[in-house]
$ cat model29.cif   # mmCIF, C-alpha atoms and all ligand atoms; chains and numbers go by the auth columns
data_target
loop_
_atom_site.group_PDB
_atom_site.id
_atom_site.type_symbol
_atom_site.label_atom_id
_atom_site.label_comp_id
_atom_site.label_asym_id
_atom_site.label_seq_id
_atom_site.Cartn_x
_atom_site.Cartn_y
_atom_site.Cartn_z
_atom_site.B_iso_or_equiv
_atom_site.auth_seq_id
_atom_site.auth_asym_id
ATOM 1 C CA MET A 1 -62.205 -29.127 16.195 0.00 1 Q
ATOM 2 C CA ALA A 2 -61.193 -31.323 13.248 0.00 2 Q
ATOM 3 C CA LYS A 3 -64.016 -33.206 11.599 0.00 3 Q
ATOM 4 C CA PHE A 4 -63.385 -36.064 9.190 0.00 4 Q
ATOM 5 C CA LEU A 5 -65.368 -37.656 6.355 0.00 5 Q
ATOM 6 C CA PRO A 6 -64.687 -40.850 4.404 0.00 6 Q
ATOM 7 C CA LEU A 7 -62.494 -40.375 1.310 0.00 7 Q
ATOM 8 C CA SER A 8 -65.410 -41.222 -0.949 0.00 8 Q
ATOM 9 C CA ALA A 9 -64.198 -39.406 -4.094 0.00 9 Q
ATOM 10 C CA TYR A 10 -60.999 -41.452 -4.459 0.00 10 Q
ATOM 11 C CA VAL A 11 -60.845 -43.798 -7.477 0.00 11 Q
ATOM 12 C CA GLU A 12 -58.203 -46.531 -7.772 0.00 12 Q
ATOM 13 C CA TYR A 13 -57.325 -47.834 -11.246 0.00 13 Q
ATOM 14 C CA PRO A 14 -55.776 -51.226 -12.019 0.00 14 Q
ATOM 15 C CA PRO A 15 -52.021 -50.804 -12.795 0.00 15 Q
ATOM 16 C CA GLU A 16 -52.420 -51.144 -16.601 0.00 16 Q
ATOM 17 C CA GLU A 17 -55.106 -48.518 -16.615 0.00 17 Q
ATOM 18 C CA MET A 18 -53.024 -46.291 -14.368 0.00 18 Q
ATOM 19 C CA ILE A 19 -50.096 -46.598 -16.790 0.00 19 Q
ATOM 20 C CA ARG A 20 -52.364 -45.797 -19.728 0.00 20 Q
ATOM 21 C CA ARG A 21 -53.907 -42.825 -17.948 0.00 21 Q
ATOM 22 C CA ALA A 22 -50.530 -41.379 -16.909 0.00 22 Q
ATOM 23 C CA ALA A 23 -49.240 -41.669 -20.478 0.00 23 Q
ATOM 24 C CA ALA A 24 -52.400 -40.166 -21.963 0.00 24 Q
ATOM 25 C CA PHE A 25 -52.285 -37.227 -19.555 0.00 25 Q
ATOM 26 C CA LYS A 26 -48.593 -36.738 -20.333 0.00 26 Q
ATOM 27 C CA SER A 27 -49.402 -36.514 -24.059 0.00 27 Q
ATOM 28 C CA GLU A 28 -52.265 -34.133 -23.398 0.00 28 Q
ATOM 29 C CA MET A 29 -50.241 -31.829 -21.160 0.00 29 Q
ATOM 30 C CA THR A 30 -46.927 -31.844 -22.999 0.00 30 Q
ATOM 31 C CA ARG A 31 -48.573 -30.564 -26.198 0.00 31 Q
ATOM 32 C CA ARG A 32 -49.527 -27.394 -24.292 0.00 32 Q
ATOM 33 C CA ARG A 33 -47.711 -24.344 -25.554 0.00 33 Q
ATOM 34 C CA THR A 34 -47.611 -20.806 -24.291 0.00 34 Q
ATOM 35 C CA VAL A 35 -49.142 -18.667 -27.029 0.00 35 Q
ATOM 36 C CA ARG A 36 -48.639 -14.957 -27.695 0.00 36 Q
ATOM 37 C CA GLN A 37 -50.905 -14.511 -30.719 0.00 37 Q
ATOM 38 C CA PHE A 38 -54.563 -14.585 -29.844 0.00 38 Q
ATOM 39 C CA SER A 39 -57.818 -14.524 -31.786 0.00 39 Q
ATOM 40 C CA ASP A 40 -60.429 -12.044 -30.604 0.00 40 Q
ATOM 41 C CA ARG A 41 -63.105 -14.782 -30.567 0.00 41 Q
ATOM 42 C CA ALA A 42 -65.140 -14.816 -27.380 0.00 42 Q
ATOM 43 C CA VAL A 43 -64.885 -17.795 -25.049 0.00 43 Q
ATOM 44 C CA PRO A 44 -67.888 -19.251 -23.214 0.00 44 Q
ATOM 45 C CA ARG A 45 -68.080 -17.806 -19.723 0.00 45 Q
ATOM 46 C CA GLY A 46 -69.044 -21.188 -18.280 0.00 46 Q
ATOM 47 C CA VAL A 47 -65.730 -22.651 -19.437 0.00 47 Q
ATOM 48 C CA ILE A 48 -63.775 -19.952 -17.618 0.00 48 Q
ATOM 49 C CA GLU A 49 -65.955 -20.446 -14.543 0.00 49 Q
ATOM 50 C CA ASP A 50 -65.293 -24.194 -14.504 0.00 50 Q
ATOM 51 C CA CYS A 51 -61.551 -23.646 -15.000 0.00 51 Q
ATOM 52 C CA LEU A 52 -61.540 -21.221 -12.048 0.00 52 Q
ATOM 53 C CA ILE A 53 -63.364 -23.749 -9.880 0.00 53 Q
ATOM 54 C CA THR A 54 -60.636 -26.253 -10.813 0.00 54 Q
ATOM 55 C CA ALA A 55 -57.970 -23.685 -9.879 0.00 55 Q
ATOM 56 C CA GLY A 56 -59.720 -23.046 -6.583 0.00 56 Q
ATOM 57 C CA SER A 57 -59.506 -26.754 -5.745 0.00 57 Q
ATOM 58 C CA ALA A 58 -55.723 -26.436 -5.318 0.00 58 Q
ATOM 59 C CA PRO A 59 -54.193 -27.393 -1.996 0.00 59 Q
ATOM 60 C CA SER A 60 -53.208 -24.353 0.068 0.00 60 Q
ATOM 61 C CA GLY A 61 -51.512 -23.490 3.334 0.00 61 Q
ATOM 62 C CA ALA A 62 -53.950 -24.358 6.157 0.00 62 Q
ATOM 63 C CA ASN A 63 -56.612 -24.575 3.416 0.00 63 Q
ATOM 64 C CA LEU A 64 -56.929 -20.792 3.561 0.00 64 Q
ATOM 65 C CA GLN A 65 -57.204 -20.528 -0.257 0.00 65 Q
ATOM 66 C CA PRO A 66 -55.302 -17.225 -0.472 0.00 66 Q
ATOM 67 C CA TRP A 67 -56.238 -16.357 -4.050 0.00 67 Q
ATOM 68 C CA HIS A 68 -58.600 -14.095 -5.914 0.00 68 Q
ATOM 69 C CA PHE A 69 -59.205 -14.216 -9.659 0.00 69 Q
ATOM 70 C CA VAL A 70 -60.408 -11.190 -11.609 0.00 70 Q
ATOM 71 C CA VAL A 71 -61.691 -12.014 -15.088 0.00 71 Q
ATOM 72 C CA VAL A 72 -61.456 -9.038 -17.439 0.00 72 Q
ATOM 73 C CA SER A 73 -63.266 -9.015 -20.769 0.00 73 Q
ATOM 74 C CA ASP A 74 -64.322 -5.351 -20.895 0.00 74 Q
ATOM 75 C CA ALA A 75 -62.538 -3.638 -23.812 0.00 75 Q
ATOM 76 C CA ALA A 76 -61.913 -0.356 -21.967 0.00 76 Q
ATOM 77 C CA ILE A 77 -60.360 -2.099 -18.956 0.00 77 Q
ATOM 78 C CA LYS A 78 -58.235 -4.312 -21.192 0.00 78 Q
ATOM 79 C CA ALA A 79 -56.989 -1.167 -22.974 0.00 79 Q
ATOM 80 C CA ARG A 80 -55.997 0.406 -19.641 0.00 80 Q
ATOM 81 C CA ILE A 81 -54.180 -2.755 -18.609 0.00 81 Q
ATOM 82 C CA ARG A 82 -52.338 -2.888 -21.922 0.00 82 Q
ATOM 83 C CA GLU A 83 -51.293 0.729 -21.662 0.00 83 Q
ATOM 84 C CA ALA A 84 -49.982 0.341 -18.103 0.00 84 Q
ATOM 85 C CA ALA A 85 -48.293 -3.008 -18.804 0.00 85 Q
ATOM 86 C CA GLU A 86 -46.562 -1.684 -21.920 0.00 86 Q
ATOM 87 C CA ARG A 87 -45.291 1.288 -19.922 0.00 87 Q
ATOM 88 C CA GLU A 88 -43.617 -1.102 -17.459 0.00 88 Q
ATOM 89 C CA GLU A 89 -42.363 -3.349 -20.250 0.00 89 Q
ATOM 90 C CA ARG A 90 -40.790 -0.404 -22.099 0.00 90 Q
ATOM 91 C CA ALA A 91 -38.880 0.448 -18.931 0.00 91 Q
ATOM 92 C CA PHE A 92 -37.912 -3.218 -18.596 0.00 92 Q
ATOM 93 C CA TYR A 93 -36.713 -3.842 -22.140 0.00 93 Q
ATOM 94 C CA HIS A 94 -35.009 -0.442 -22.479 0.00 94 Q
ATOM 95 C CA GLY A 95 -33.221 -0.042 -19.176 0.00 95 Q
ATOM 96 C CA ARG A 96 -34.311 -2.049 -16.174 0.00 96 Q
ATOM 97 C CA ALA A 97 -33.494 -5.531 -17.475 0.00 97 Q
ATOM 98 C CA PRO A 98 -29.853 -6.543 -17.203 0.00 98 Q
ATOM 99 C CA ARG A 99 -28.187 -7.814 -20.400 0.00 99 Q
ATOM 100 C CA GLU A 100 -28.139 -11.349 -18.992 0.00 100 Q
ATOM 101 C CA TRP A 101 -31.934 -11.353 -18.572 0.00 101 Q
ATOM 102 C CA LEU A 102 -32.529 -10.011 -22.081 0.00 102 Q
ATOM 103 C CA ASP A 103 -30.194 -12.714 -23.434 0.00 103 Q
ATOM 104 C CA ALA A 104 -32.210 -15.376 -21.585 0.00 104 Q
ATOM 105 C CA LEU A 105 -35.405 -14.096 -23.244 0.00 105 Q
ATOM 106 C CA ALA A 106 -33.940 -13.877 -26.758 0.00 106 Q
ATOM 107 C CA SER A 107 -35.249 -17.293 -27.872 0.00 107 Q
ATOM 108 C CA LEU A 108 -38.830 -16.262 -26.995 0.00 108 Q
ATOM 109 C CA GLY A 109 -38.832 -13.212 -29.271 0.00 109 Q
ATOM 110 C CA THR A 110 -40.703 -11.072 -26.740 0.00 110 Q
ATOM 111 C CA ASP A 111 -40.662 -7.286 -26.623 0.00 111 Q
ATOM 112 C CA GLU A 112 -42.554 -4.426 -24.965 0.00 112 Q
ATOM 113 C CA ASN A 113 -45.552 -4.648 -27.290 0.00 113 Q
ATOM 114 C CA LYS A 114 -48.462 -6.576 -25.782 0.00 114 Q
ATOM 115 C CA PRO A 115 -51.348 -6.350 -28.290 0.00 115 Q
ATOM 116 C CA TYR A 116 -52.861 -9.561 -26.907 0.00 116 Q
ATOM 117 C CA LEU A 117 -53.781 -7.712 -23.721 0.00 117 Q
ATOM 118 C CA GLU A 118 -56.489 -5.994 -25.777 0.00 118 Q
ATOM 119 C CA ARG A 119 -57.175 -8.617 -28.405 0.00 119 Q
ATOM 120 C CA ALA A 120 -57.595 -11.751 -26.285 0.00 120 Q
ATOM 121 C CA PRO A 121 -61.148 -12.154 -24.986 0.00 121 Q
ATOM 122 C CA CYS A 122 -60.148 -12.891 -21.438 0.00 122 Q
ATOM 123 C CA LEU A 123 -57.495 -11.657 -19.017 0.00 123 Q
ATOM 124 C CA ILE A 124 -57.461 -13.520 -15.730 0.00 124 Q
ATOM 125 C CA VAL A 125 -55.588 -11.547 -13.112 0.00 125 Q
ATOM 126 C CA ILE A 126 -54.538 -13.737 -10.213 0.00 126 Q
ATOM 127 C CA PHE A 127 -54.106 -12.010 -6.875 0.00 127 Q
ATOM 128 C CA ALA A 128 -52.313 -13.520 -3.876 0.00 128 Q
ATOM 129 C CA LYS A 129 -53.799 -12.534 -0.539 0.00 129 Q
ATOM 130 C CA THR A 130 -51.268 -12.051 2.244 0.00 130 Q
ATOM 131 C CA PHE A 131 -54.123 -12.150 4.731 0.00 131 Q
ATOM 132 C CA GLU A 132 -57.882 -12.460 4.813 0.00 132 Q
ATOM 133 C CA LEU A 133 -59.769 -9.369 5.902 0.00 133 Q
ATOM 134 C CA LEU A 134 -62.869 -10.333 7.880 0.00 134 Q
ATOM 135 C CA PRO A 135 -66.001 -8.170 7.678 0.00 135 Q
ATOM 136 C CA ASP A 136 -65.304 -6.924 11.238 0.00 136 Q
ATOM 137 C CA GLY A 137 -61.870 -5.681 10.159 0.00 137 Q
ATOM 138 C CA ARG A 138 -59.850 -8.491 11.778 0.00 138 Q
ATOM 139 C CA LYS A 139 -56.972 -9.943 9.786 0.00 139 Q
ATOM 140 C CA VAL A 140 -56.364 -13.693 9.418 0.00 140 Q
ATOM 141 C CA LYS A 141 -52.862 -14.496 8.262 0.00 141 Q
ATOM 142 C CA ASN A 142 -52.388 -16.772 5.242 0.00 142 Q
ATOM 143 C CA TYR A 143 -49.529 -19.278 4.961 0.00 143 Q
ATOM 144 C CA TYR A 144 -47.378 -20.427 2.031 0.00 144 Q
ATOM 145 C CA VAL A 145 -49.122 -17.864 -0.127 0.00 145 Q
ATOM 146 C CA SER A 146 -46.822 -18.000 -3.179 0.00 146 Q
ATOM 147 C CA GLU A 147 -46.713 -21.793 -3.141 0.00 147 Q
ATOM 148 C CA SER A 148 -50.502 -22.028 -2.865 0.00 148 Q
ATOM 149 C CA VAL A 149 -51.251 -19.458 -5.541 0.00 149 Q
ATOM 150 C CA GLY A 150 -48.590 -20.967 -7.801 0.00 150 Q
ATOM 151 C CA ILE A 151 -50.256 -24.380 -7.555 0.00 151 Q
ATOM 152 C CA ALA A 152 -53.701 -22.877 -8.235 0.00 152 Q
ATOM 153 C CA THR A 153 -52.283 -21.078 -11.265 0.00 153 Q
ATOM 154 C CA GLY A 154 -50.822 -24.333 -12.569 0.00 154 Q
ATOM 155 C CA LEU A 155 -54.180 -26.038 -12.261 0.00 155 Q
ATOM 156 C CA LEU A 156 -55.821 -23.106 -14.050 0.00 156 Q
ATOM 157 C CA ILE A 157 -53.358 -23.324 -16.942 0.00 157 Q
ATOM 158 C CA ALA A 158 -53.954 -27.080 -17.172 0.00 158 Q
ATOM 159 C CA ALA A 159 -57.739 -26.640 -17.022 0.00 159 Q
ATOM 160 C CA LEU A 160 -57.761 -24.020 -19.791 0.00 160 Q
ATOM 161 C CA HIS A 161 -55.585 -26.245 -21.953 0.00 161 Q
ATOM 162 C CA HIS A 162 -57.748 -29.283 -21.285 0.00 162 Q
ATOM 163 C CA ALA A 163 -60.838 -27.277 -22.293 0.00 163 Q
ATOM 164 C CA GLY A 164 -59.224 -26.406 -25.632 0.00 164 Q
ATOM 165 C CA LEU A 165 -58.055 -22.863 -24.998 0.00 165 Q
ATOM 166 C CA VAL A 166 -54.552 -21.420 -24.941 0.00 166 Q
ATOM 167 C CA SER A 167 -52.968 -19.170 -22.366 0.00 167 Q
ATOM 168 C CA LEU A 168 -50.017 -16.935 -21.728 0.00 168 Q
ATOM 169 C CA THR A 169 -48.464 -16.325 -18.337 0.00 169 Q
ATOM 170 C CA HIS A 170 -47.692 -12.627 -18.373 0.00 170 Q
ATOM 171 C CA THR A 171 -45.825 -10.915 -15.548 0.00 171 Q
ATOM 172 C CA PRO A 172 -45.293 -7.232 -16.180 0.00 172 Q
ATOM 173 C CA SER A 173 -43.182 -6.001 -13.323 0.00 173 Q
ATOM 174 C CA PRO A 174 -44.110 -4.283 -11.098 0.00 174 Q
ATOM 175 C CA MET A 175 -47.820 -5.156 -11.278 0.00 175 Q
ATOM 176 C CA GLY A 176 -49.180 -2.649 -8.775 0.00 176 Q
ATOM 177 C CA PHE A 177 -51.185 -0.945 -11.537 0.00 177 Q
ATOM 178 C CA LEU A 178 -53.492 -3.963 -11.581 0.00 178 Q
ATOM 179 C CA ASN A 179 -54.684 -3.217 -8.024 0.00 179 Q
ATOM 180 C CA GLU A 180 -55.524 0.288 -9.084 0.00 180 Q
ATOM 181 C CA ILE A 181 -57.292 -0.552 -12.354 0.00 181 Q
ATOM 182 C CA LEU A 182 -59.182 -3.509 -10.873 0.00 182 Q
ATOM 183 C CA ASN A 183 -59.933 -1.902 -7.507 0.00 183 Q
ATOM 184 C CA ARG A 184 -58.321 -4.599 -5.416 0.00 184 Q
ATOM 185 C CA PRO A 185 -57.215 -3.873 -1.846 0.00 185 Q
ATOM 186 C CA LYS A 186 -53.574 -3.419 -0.828 0.00 186 Q
ATOM 187 C CA HIS A 187 -53.275 -6.777 0.933 0.00 187 Q
ATOM 188 C CA GLU A 188 -53.853 -8.499 -2.414 0.00 188 Q
ATOM 189 C CA ARG A 189 -50.699 -8.715 -4.517 0.00 189 Q
ATOM 190 C CA ALA A 190 -51.032 -9.207 -8.274 0.00 190 Q
ATOM 191 C CA PHE A 191 -49.317 -12.558 -8.779 0.00 191 Q
ATOM 192 C CA LEU A 192 -49.719 -13.184 -12.478 0.00 192 Q
ATOM 193 C CA LEU A 193 -51.796 -12.112 -15.444 0.00 193 Q
ATOM 194 C CA LEU A 194 -53.049 -15.068 -17.461 0.00 194 Q
ATOM 195 C CA VAL A 195 -54.148 -14.220 -20.981 0.00 195 Q
ATOM 196 C CA ALA A 196 -56.666 -16.795 -22.227 0.00 196 Q
ATOM 197 C CA GLY A 197 -58.568 -17.471 -25.417 0.00 197 Q
ATOM 198 C CA TYR A 198 -58.276 -19.093 -28.836 0.00 198 Q
ATOM 199 C CA PRO A 199 -54.991 -18.845 -30.714 0.00 199 Q
ATOM 200 C CA ALA A 200 -54.804 -16.605 -33.791 0.00 200 Q
ATOM 201 C CA GLU A 201 -55.092 -18.650 -36.982 0.00 201 Q
ATOM 202 C CA ASP A 202 -51.467 -17.902 -37.866 0.00 202 Q
ATOM 203 C CA ALA A 203 -50.164 -18.326 -34.314 0.00 203 Q
ATOM 204 C CA ALA A 204 -46.553 -19.482 -34.172 0.00 204 Q
ATOM 205 C CA VAL A 205 -44.544 -20.578 -31.166 0.00 205 Q
ATOM 206 C CA PRO A 206 -40.815 -20.355 -30.510 0.00 206 Q
ATOM 207 C CA ASP A 207 -38.722 -23.372 -31.472 0.00 207 Q
ATOM 208 C CA ILE A 208 -37.715 -24.297 -27.951 0.00 208 Q
ATOM 209 C CA GLY A 209 -37.640 -27.619 -26.151 0.00 209 Q
ATOM 210 C CA ARG A 210 -38.117 -29.112 -22.730 0.00 210 Q
ATOM 211 C CA LYS A 211 -35.535 -30.720 -20.519 0.00 211 Q
ATOM 212 C CA SER A 212 -35.458 -34.526 -20.487 0.00 212 Q
ATOM 213 C CA LEU A 213 -36.623 -36.542 -17.499 0.00 213 Q
ATOM 214 C CA ASP A 214 -32.972 -37.279 -16.644 0.00 214 Q
ATOM 215 C CA GLU A 215 -32.301 -33.579 -16.442 0.00 215 Q
ATOM 216 C CA ILE A 216 -35.242 -32.726 -14.229 0.00 216 Q
ATOM 217 C CA ALA A 217 -35.508 -35.727 -11.927 0.00 217 Q
ATOM 218 C CA THR A 218 -33.383 -37.997 -9.785 0.00 218 Q
ATOM 219 C CA PHE A 219 -34.588 -41.371 -8.525 0.00 219 Q
ATOM 220 C CA GLY A 220 -32.721 -42.119 -5.325 0.00 220 Q
HETATM 221 N N1 LIG B . -42.375 -9.495 -18.523 0.00 1 E
HETATM 222 C C1 LIG B . -41.702 -9.319 -19.797 0.00 1 E
HETATM 223 C C2 LIG B . -40.417 -10.051 -19.874 0.00 1 E
HETATM 224 C C3 LIG B . -40.458 -11.518 -19.775 0.00 1 E
HETATM 225 C C4 LIG B . -39.821 -12.133 -18.722 0.00 1 E
HETATM 226 C C5 LIG B . -39.774 -13.495 -18.636 0.00 1 E
HETATM 227 I I1 LIG B . -38.737 -14.366 -17.118 0.00 1 E
HETATM 228 C C6 LIG B . -40.410 -14.285 -19.621 0.00 1 E
HETATM 229 O O1 LIG B . -40.368 -15.672 -19.537 0.00 1 E
HETATM 230 C C7 LIG B . -41.035 -13.683 -20.693 0.00 1 E
HETATM 231 C C8 LIG B . -41.055 -12.283 -20.760 0.00 1 E
HETATM 232 C C9 LIG B . -42.657 -9.673 -20.958 0.00 1 E
HETATM 233 O O2 LIG B . -43.758 -10.164 -20.715 0.00 1 E
HETATM 234 O O3 LIG B . -42.291 -9.436 -22.110 0.00 1 E
#
$ encode --input "model29.cif" --output "structure tokens" --more "lines below"
Ligand code: IYR
Amino acid sequence: MAKFLPLSAYVEYPPEEMIRRAAAFKSEMTRRRTVRQFSDRAVPRGVIEDCLITAGSAPSGANLQPWHFVVVSDAAIKARIREAAEREERAFYHGRAPREWLDALASLGTDENKPYLERAPCLIVIFAKTFELLPDGRKVKNYYVSESVGIATGLLIAALHHAGLVSLTHTPSPMGFLNEILNRPKHERAFLLLVAGYPAEDAAVPDIGRKSLDEIATFG
């Protein structure tokens, strides 16, 4: 039975303040860059916890919250992840990837070497759960799993940025090795590996731009 509560957390801003807030958030978010050179400085655990709580506030199909986040900071586990990811990436860059895909990646300067998987203080592995397994063994199906987990991941990236950290969305493919290393069950699919931490002091980012509003939106 549906139960309803008043929308007590909603805050309305006067139009001028709304305009100011939207512009300020735009400036804050559009200076975010994906970073591939990390410092090995530790990050406060509480910050990661708060960012994960933000991620977990994402809307999801039937509010079933079909995600699980594994935070890895243990050096030995990070080394295993790096080794397995680089094995997949070697196969990708030297065979599996079609020419067209490699051409599309050229401006990013990426290759099969992923030292940040060991150096960064924090790897957040995001799993998408196709169903929920109840303690009695029953399965409850989840809905719109990729959409839901994608939204949660976006909030996580925004939260980390807002806190003053940088991140990298890393998607070695296939990612089945993450289930094995992290002991996650088969009905959880590794969705994305988010590398998080401080940037290296000499971090540099590719000279690439973003599409204009005209290119990404149509007002009917
Ligand atoms: N997973 C590889 C290749 C790669 C693919 C895309 I699409 C990117 O935007 C970036 C990289 C890697 O991490 O190098």
$ closest_residue --input "model29.cif" --among "Q:Arg189, Q:Arg41, Q:Arg36, Q:Lys78" --to "ligand LIG 1 (chain E)" --atoms "all atoms listed in the file"
Q:Arg36
$ axis_aligned_box --input "model29.cif" --around "ligand LIG 1 (chain E)" --padding-each-side "5 Å" --output "lines of an AutoDock Vina configuration file"
center_x = -41.2
center_y = -12.5
center_z = -19.6
size_x = 15.0
size_y = 16.4
size_z = 15.0
$ residues_around --input "model29.cif" --residues "stretch 139-147 of chain Q" --least-positions-apart "4" --cutoff "7 Å" --atoms "all atoms listed in the file" --output "list in words"
Gly61, Ala62, Leu64, Pro66, Ala128, Thr130, Phe131, Glu132, Leu133, Leu134 and Ile151 of chain Q
$ write_last_selection --input "model29.cif" --atoms "C-alpha atoms" --output "PDB file, keeping the file's coordinate frame"
ATOM      1  CA  GLY Q  61     -51.512 -23.490   3.334  1.00  0.00           C
ATOM      2  CA  ALA Q  62     -53.950 -24.358   6.157  1.00  0.00           C
ATOM      3  CA  LEU Q  64     -56.929 -20.792   3.561  1.00  0.00           C
ATOM      4  CA  PRO Q  66     -55.302 -17.225  -0.472  1.00  0.00           C
ATOM      5  CA  ALA Q 128     -52.313 -13.520  -3.876  1.00  0.00           C
ATOM      6  CA  THR Q 130     -51.268 -12.051   2.244  1.00  0.00           C
ATOM      7  CA  PHE Q 131     -54.123 -12.150   4.731  1.00  0.00           C
ATOM      8  CA  GLU Q 132     -57.882 -12.460   4.813  1.00  0.00           C
ATOM      9  CA  LEU Q 133     -59.769  -9.369   5.902  1.00  0.00           C
ATOM     10  CA  LEU Q 134     -62.869 -10.333   7.880  1.00  0.00           C
ATOM     11  CA  ILE Q 151     -50.256 -24.380  -7.555  1.00  0.00           C
TER      12      ILE Q 151
END
$ residues_near_ligand --input "model29.cif" --ligand "ligand LIG 1 (chain E)" --cutoff "7 Å" --atoms "all atoms listed in the file" --output "PyMOL selection string"
chain Q and resi 89+105+110-112+170-173
$ write_last_selection --input "model29.cif" --atoms "C-alpha atoms" --output "PDB file, in the coordinates of the input"
ATOM      1  CA  GLU Q  89     -42.363  -3.349 -20.250  1.00  0.00           C
ATOM      2  CA  LEU Q 105     -35.405 -14.096 -23.244  1.00  0.00           C
ATOM      3  CA  THR Q 110     -40.703 -11.072 -26.740  1.00  0.00           C
ATOM      4  CA  ASP Q 111     -40.662  -7.286 -26.623  1.00  0.00           C
ATOM      5  CA  GLU Q 112     -42.554  -4.426 -24.965  1.00  0.00           C
ATOM      6  CA  HIS Q 170     -47.692 -12.627 -18.373  1.00  0.00           C
ATOM      7  CA  THR Q 171     -45.825 -10.915 -15.548  1.00  0.00           C
ATOM      8  CA  PRO Q 172     -45.293  -7.232 -16.180  1.00  0.00           C
ATOM      9  CA  SER Q 173     -43.182  -6.001 -13.323  1.00  0.00           C
TER      10      SER Q 173
END
$ residues_around --input "model29.cif" --residues "Q:Leu194" --least-positions-apart "2" --cutoff "6 Å" --atoms "all atoms listed in the file" --output "ChimeraX atom specification"
/Q:123-124,168-170
$ write_last_selection --input "model29.cif" --atoms "C-alpha atoms" --output "PDB file, keeping the file's coordinate frame"
ATOM      1  CA  LEU Q 123     -57.495 -11.657 -19.017  1.00  0.00           C
ATOM      2  CA  ILE Q 124     -57.461 -13.520 -15.730  1.00  0.00           C
ATOM      3  CA  LEU Q 168     -50.017 -16.935 -21.728  1.00  0.00           C
ATOM      4  CA  THR Q 169     -48.464 -16.325 -18.337  1.00  0.00           C
ATOM      5  CA  HIS Q 170     -47.692 -12.627 -18.373  1.00  0.00           C
TER       6      HIS Q 170
END
$ atom_distance --input "model29.cif" --atom1 "atom CA of Q:His94" --atom2 "atom CA of Q:Leu178"
21.7 Å
